[in-house]
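Asks: Starting off with a structure, shown below.
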2 protein chains.
Amino acid sequence: MRDFSQSHEWLSINTATVRKQWRLDRIIDECARRGIRAISPWRDQVAAVGLQAVARQLSDSGIVLSGYCRGGFFPAADPSGLQAALDDNCRALDEACTLGAPCLVLVVGSLPGTLDGKPAYRDIARARGEVRDGIAATLEAARRAGMPLAIEPLHPMQAAERACINTLEQALDLCDELDAERSGALGVAVDLYHVWWDPKLAQQIARAGRERLLAFHVCDWLTPTRDLLNDRGMMGDGVIEIRKVRAWAEAAGYSGFSEVEIFSERWWSRPGDEVLDICMERHRSVV
Amino acid sequence: MRDFSQSHEWLSINTATVRKQWRLDRIIDECARRGIRAISPWRDQVAAVGLQAVARQLSDSGIVLSGYCRGGFFPAADPSGLQAALDDNCRALDEACTLGAPCLVLVVGSLPGTLDGKPAYRDIARARGEVRDGIAATLEAARRAGMPLAIEPLHPMQAAERACINTLEQALDLCDELDAERSGALGVAVDLYHVWWDPKLAQQIARAGRERLLAFHVCDWLTPTRDLLNDRGMMGDGVIEIRKVRAWAEAAGYSGFSEVEIFSERWWSRPGDEVLDICMERHRSVV
């Protein structure tokens, strides 16, 4: 298992972590200044600065991506909505290619309309079918573009609004169905926040193996957790056995970045400098 | 599938639903007055009225139990804590027998100390081992008492504090391990709030079968859900396909009560009469 205690060579910053403090260009500068080698940016943050400008800044600074956030949200209430989602995923693929991302992360979506408080339907099996079809269609474009897709299972508490793929086993079943040959074109993003509780976690990480483990995200689960979306903890402040799970991933062949992704009002309200410094320190001491 | 639209013969009220409005003796009276045939009371509510008094009142009113809430919370930081949990579960068994419950529901517990904000350890696999051992020990006493144990998998968002058994599959694996002969002494309580999101729900309900399906709890999942514990929805106000899942349970052989269990500040703040009346109406129209 790689020793992270002496360096942050394998640290990546998911840029949502400091999105309320800084624009993306500033985040890239701050990471470069600290010797952080990788980030994982969100589409809205890229758009706010401009895709080509971000690509140039990354190239100039030598910072690479550990992933691109995000494609997905495939289910829709009608055929035009389904097509619009596919079109949007193709644009996300193009952007990921321009930025040289190693994968496009998929938050697959679920019951359409729930984020606006008005579910268009409640049939989660239908949503899962639409997700399957959406990934299958996007996978063809992704193969042509040479851009792997990383399905991110989300915590079951986000099953209605954000993702109807909620366990690693479910994500891997879909990978096996759509990419039986384990070509590398389709895999998973393992975010500890979403999967730490899963009694089959060790087994499914081993099952995923090197070909399917495309991203590894860390943060912590606080007790109590006060919000279903924006109360993630800094590594070491909660109950997730981060190092133990990272050892499982490495034993399965994962050797990529460890990406810090913290959605939290309490961290967004602190100075960005402080947040990045603490991310680096905890990455050494906890991850 | 039984038709609930014309009667509330199979409606049970989990007494937590109106616990802030009324003491248990009043709840029993109110249920009797409405012709509700069953309740599922909590230990603290029983203790506040007195075990023998509750037993008499139930007998006089003809109201039966659909379950007794609850045993469990097996993990502990040290051997004396583990023993104290076993002793407490034996007392819960005795009370369940006195009240004529059909089963003792187990909320199994997880990382000790987390409910007080101070986890004694973070090793959830250890907690799962202590739960297994705790259920195995309690099962011996339960067999002697003739009181079935119903393991209730809790939603993964409660995995740190309240239960480290988080899927029906995990609960049934434990049932198979400890009661391979499917004797009826060990089974599960299926609470839709906790399991509705599970992609393996239909499969695992079928696996459970009549011998393992000891209780069936209904409420709804709101979008958005604003609290991880006390924001359950009334049936029909959320996205759970209640009737579809009930059909799966009935096809698997379940023919018992449908127990309404709503932990919700918004329902606790309304008059108890109104809440019970709405439970009855929704049970007919939605469940």
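Chains: A, B, ... in order of the structure tokens. Residues: from 1 per chain. Ligands: from 1, in order shown.
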For chain A, which residues have at least one atom within 9 Å of chain B, if we go by only C-alpha atoms? Write them as number ranges by chain, please.
Replies: A: 111, 114-119, 121-125, 128, 155-157, 159-161, 164-167, 170, 197-200, 221-228, 238-241
Asks: Please dump the current selection as a short mmCIF file (atom, residue, chain, number, x, y, z; two decimals), in the first residue's frame; keep N, CA and C atoms.
Replies:
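Output file selection39.cif follows:
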data_model
loop_
_atom_site.label_atom_id
_atom_site.label_comp_id
_atom_site.auth_asym_id
_atom_site.auth_seq_id
_atom_site.Cartn_x
_atom_site.Cartn_y
_atom_site.Cartn_z
N LEU A 111 -35.50 9.62 -10.06
CA LEU A 111 -36.87 10.01 -10.41
C LEU A 111 -36.88 11.44 -10.93
N THR A 114 -37.77 15.24 -9.05
CA THR A 114 -37.73 15.27 -7.58
C THR A 114 -36.89 16.42 -7.04
N LEU A 115 -35.85 16.81 -7.79
CA LEU A 115 -35.03 17.91 -7.29
C LEU A 115 -35.83 19.22 -7.25
N ASP A 116 -36.89 19.27 -8.04
CA ASP A 116 -37.78 20.44 -8.00
C ASP A 116 -39.01 20.16 -7.15
N GLY A 117 -38.99 19.04 -6.43
CA GLY A 117 -40.11 18.73 -5.54
C GLY A 117 -41.33 18.17 -6.25
N LYS A 118 -41.21 17.87 -7.55
CA LYS A 118 -42.37 17.34 -8.29
C LYS A 118 -41.97 16.12 -9.08
N PRO A 119 -41.97 14.94 -8.45
CA PRO A 119 -41.60 13.72 -9.18
C PRO A 119 -42.54 13.50 -10.37
N TYR A 121 -42.56 10.71 -12.03
CA TYR A 121 -43.06 9.36 -11.74
C TYR A 121 -42.32 8.84 -10.52
N ARG A 122 -42.84 7.71 -9.94
CA ARG A 122 -42.23 7.19 -8.72
C ARG A 122 -41.64 5.79 -8.93
N ASP A 123 -41.61 5.35 -10.17
CA ASP A 123 -41.19 3.98 -10.47
C ASP A 123 -39.67 3.92 -10.59
N ILE A 124 -39.01 3.57 -9.49
CA ILE A 124 -37.54 3.61 -9.49
C ILE A 124 -36.97 2.54 -10.43
N ALA A 125 -37.69 1.47 -10.66
CA ALA A 125 -37.23 0.45 -11.61
C ALA A 125 -37.20 1.04 -13.02
N ARG A 128 -34.17 3.14 -13.25
CA ARG A 128 -32.98 2.29 -13.41
C ARG A 128 -32.86 1.78 -14.84
N HIS A 155 -25.05 7.40 -2.15
CA HIS A 155 -25.67 6.93 -0.91
C HIS A 155 -27.18 6.77 -1.10
N PRO A 156 -27.74 5.69 -0.53
CA PRO A 156 -29.18 5.47 -0.66
C PRO A 156 -30.04 6.65 -0.20
N MET A 157 -29.52 7.50 0.65
CA MET A 157 -30.33 8.65 1.06
C MET A 157 -30.51 9.65 -0.09
N ALA A 159 -31.20 8.45 -3.20
CA ALA A 159 -31.75 7.57 -4.24
C ALA A 159 -32.93 8.17 -4.99
N ALA A 160 -33.69 9.04 -4.38
CA ALA A 160 -34.85 9.60 -5.07
C ALA A 160 -34.42 10.71 -6.03
N GLU A 161 -33.52 11.56 -5.58
CA GLU A 161 -33.21 12.77 -6.34
C GLU A 161 -32.04 12.63 -7.29
N CYS A 164 -30.12 6.53 -8.82
CA CYS A 164 -30.79 5.28 -8.48
C CYS A 164 -29.82 4.10 -8.55
N ILE A 165 -28.53 4.39 -8.71
CA ILE A 165 -27.50 3.36 -8.52
C ILE A 165 -26.88 3.64 -7.17
N ASN A 166 -27.08 2.73 -6.23
CA ASN A 166 -26.82 3.03 -4.83
C ASN A 166 -25.87 2.09 -4.12
N THR A 167 -25.41 1.07 -4.82
CA THR A 167 -24.39 0.21 -4.23
C THR A 167 -23.35 -0.10 -5.30
N GLN A 170 -24.42 -2.99 -7.47
CA GLN A 170 -25.36 -2.62 -8.53
C GLN A 170 -24.61 -1.97 -9.70
N TRP A 197 -20.75 2.38 4.37
CA TRP A 197 -21.65 1.59 5.22
C TRP A 197 -21.89 0.19 4.66
N ASP A 198 -21.53 -0.08 3.42
CA ASP A 198 -21.98 -1.27 2.70
C ASP A 198 -21.31 -2.53 3.22
N PRO A 199 -22.10 -3.50 3.69
CA PRO A 199 -21.49 -4.73 4.21
C PRO A 199 -20.74 -5.53 3.14
N LYS A 200 -21.02 -5.24 1.86
CA LYS A 200 -20.33 -5.96 0.79
C LYS A 200 -19.21 -5.12 0.18
N TRP A 221 -17.70 10.61 7.31
CA TRP A 221 -19.10 10.61 7.71
C TRP A 221 -19.18 11.08 9.16
N LEU A 222 -19.84 12.21 9.35
CA LEU A 222 -19.95 12.81 10.68
C LEU A 222 -21.10 12.18 11.48
N THR A 223 -20.90 12.12 12.80
CA THR A 223 -21.99 11.70 13.69
C THR A 223 -22.23 12.80 14.71
N PRO A 224 -23.37 13.45 14.69
CA PRO A 224 -24.45 13.27 13.73
C PRO A 224 -24.17 13.97 12.41
N THR A 225 -24.82 13.47 11.35
CA THR A 225 -24.87 14.15 10.06
C THR A 225 -26.16 14.96 10.03
N ARG A 226 -26.05 16.24 9.74
CA ARG A 226 -27.21 17.12 9.91
C ARG A 226 -27.92 17.48 8.61
N ASP A 227 -27.35 17.07 7.49
CA ASP A 227 -27.96 17.39 6.20
C ASP A 227 -27.69 16.24 5.25
N LEU A 228 -28.65 15.94 4.38
CA LEU A 228 -28.49 14.78 3.50
C LEU A 228 -27.57 15.06 2.33
N GLY A 238 -14.75 11.94 11.24
CA GLY A 238 -15.93 11.07 11.31
C GLY A 238 -15.56 9.63 11.57
N VAL A 239 -16.39 8.72 11.08
CA VAL A 239 -16.26 7.32 11.45
C VAL A 239 -15.80 6.40 10.31
N ILE A 240 -15.50 6.96 9.14
CA ILE A 240 -15.10 6.08 8.04
C ILE A 240 -13.65 5.61 8.23
N GLU A 241 -13.45 4.32 8.07
CA GLU A 241 -12.09 3.76 8.17
C GLU A 241 -11.41 3.91 6.81
#
Asks: Check range 75-207 of chain B with DSSP on the backbone and list each residue it calls alpha helix (DSSP H), as a PyMOL selection string.
Replies: chain B and resi 79-98+124-145+168-178+192-195+201-207
Asks: DSSP says strand (DSSP E or B) for which residues of range 5-210 of chain B? Put them as a ChimeraX atom specification?
Replies: /B:11-14,38-40,42,64-65,68-72,104-107,109,149-151,163,186-191
Asks: Can you write out the residues you just picked, keeping N, CA and C atoms, as a CSV table (one decimal), in the first residue's frame?
Replies:
chain,number,residue,atom,x,y,z
B,11,LEU,N,-54.6,-2.8,9.6
B,11,LEU,CA,-53.9,-1.7,10.0
B,11,LEU,C,-53.4,-1.8,11.4
B,12,SER,N,-52.1,-1.5,11.6
B,12,SER,CA,-51.6,-1.4,13.0
B,12,SER,C,-50.9,0.0,13.1
B,13,ILE,N,-51.0,0.5,14.3
B,13,ILE,CA,-50.3,1.8,14.5
B,13,ILE,C,-49.1,1.6,15.4
B,14,ASN,N,-47.9,2.0,14.8
B,14,ASN,CA,-46.7,2.0,15.7
B,14,ASN,C,-46.9,3.3,16.5
B,38,ALA,N,-54.7,-3.3,16.1
B,38,ALA,CA,-53.3,-3.6,16.5
B,38,ALA,C,-52.5,-2.4,16.7
B,39,ILE,N,-51.5,-2.5,17.6
B,39,ILE,CA,-50.5,-1.4,17.7
B,39,ILE,C,-49.2,-2.1,17.9
B,40,SER,N,-48.1,-1.3,17.8
B,40,SER,CA,-46.8,-1.7,18.1
B,40,SER,C,-46.2,-0.7,19.0
B,42,TRP,N,-43.6,1.1,22.0
B,42,TRP,CA,-42.2,1.2,22.4
B,42,TRP,C,-42.0,0.9,23.9
B,64,VAL,N,-54.4,-6.2,19.8
B,64,VAL,CA,-53.2,-7.0,19.8
B,64,VAL,C,-52.0,-6.2,19.3
B,65,LEU,N,-50.9,-6.9,19.5
B,65,LEU,CA,-49.6,-6.2,19.0
B,65,LEU,C,-49.2,-6.8,17.6
B,68,TYR,N,-43.2,-5.6,19.0
B,68,TYR,CA,-42.8,-4.9,20.2
B,68,TYR,C,-41.5,-4.2,19.9
B,69,CYS,N,-41.4,-2.9,20.2
B,69,CYS,CA,-40.2,-2.1,19.8
B,69,CYS,C,-39.5,-1.7,21.1
B,70,ARG,N,-38.4,-2.0,21.3
B,70,ARG,CA,-37.5,-2.9,20.5
B,70,ARG,C,-36.4,-3.4,21.4
B,71,GLY,N,-35.8,-4.5,20.9
B,71,GLY,CA,-34.5,-5.0,21.4
B,71,GLY,C,-33.4,-4.5,20.5
B,72,GLY,N,-32.2,-5.0,20.8
B,72,GLY,CA,-31.1,-4.7,19.9
B,72,GLY,C,-30.0,-3.9,20.7
B,104,LEU,N,-40.3,-9.7,18.7
B,104,LEU,CA,-39.6,-8.6,19.3
B,104,LEU,C,-38.7,-8.0,18.2
B,105,VAL,N,-39.0,-6.7,17.8
B,105,VAL,CA,-38.2,-6.1,16.7
B,105,VAL,C,-36.8,-5.7,17.3
B,106,LEU,N,-35.8,-6.0,16.4
B,106,LEU,CA,-34.4,-5.6,16.8
B,106,LEU,C,-33.9,-4.5,16.0
B,107,VAL,N,-33.6,-3.4,16.6
B,107,VAL,CA,-32.7,-2.4,16.0
B,107,VAL,C,-31.4,-2.6,16.6
B,109,GLY,N,-28.2,-1.8,16.6
B,109,GLY,CA,-27.1,-1.0,17.1
B,109,GLY,C,-25.9,-0.9,16.1
B,149,LEU,N,-37.7,-13.3,17.0
B,149,LEU,CA,-36.9,-12.0,16.9
B,149,LEU,C,-37.0,-11.5,15.4
B,150,ALA,N,-37.3,-10.3,15.2
B,150,ALA,CA,-37.4,-9.7,13.9
B,150,ALA,C,-36.3,-8.6,13.7
B,151,ILE,N,-35.3,-9.0,12.9
B,151,ILE,CA,-34.2,-8.1,12.6
B,151,ILE,C,-34.7,-7.0,11.7
B,163,ALA,N,-28.0,1.2,13.5
B,163,ALA,CA,-27.9,-0.2,13.1
B,163,ALA,C,-26.9,-0.4,12.0
B,186,LEU,N,-36.5,-16.6,14.0
B,186,LEU,CA,-35.7,-15.5,13.6
B,186,LEU,C,-36.2,-15.0,12.2
B,187,GLY,N,-36.4,-13.7,12.1
B,187,GLY,CA,-36.8,-13.2,10.8
B,187,GLY,C,-36.5,-11.8,10.7
B,188,VAL,N,-37.3,-11.1,9.8
B,188,VAL,CA,-37.0,-9.7,9.6
B,188,VAL,C,-38.2,-8.8,9.7
B,189,ALA,N,-38.0,-7.6,10.0
B,189,ALA,CA,-39.1,-6.6,10.0
B,189,ALA,C,-38.7,-5.7,8.8
B,190,VAL,N,-39.6,-5.7,7.8
B,190,VAL,CA,-39.4,-4.9,6.6
B,190,VAL,C,-40.1,-3.5,6.7
B,191,ASP,N,-39.3,-2.5,6.9
B,191,ASP,CA,-39.8,-1.2,7.0
B,191,ASP,C,-39.5,-0.4,5.7
Asks: List the neighbours of Ser183 in chain A out to 10 Å using only C-alpha atoms; skip same-chain residues closer than 6 positions along the sequence, and give me the result as a list in words.
Replies: Arg143, Pro148, Glu211 and Arg212 of chain A
Asks: Name all residues at most 12 Å from Arg91 in chain B (count only C-alpha atoms; drop same-chain ones fewer than 3 positions away) and give them as a PyMOL selection string.
Replies: chain B and resi 43+47+51+70-72+84-88+94-98+104+138+141-142+145
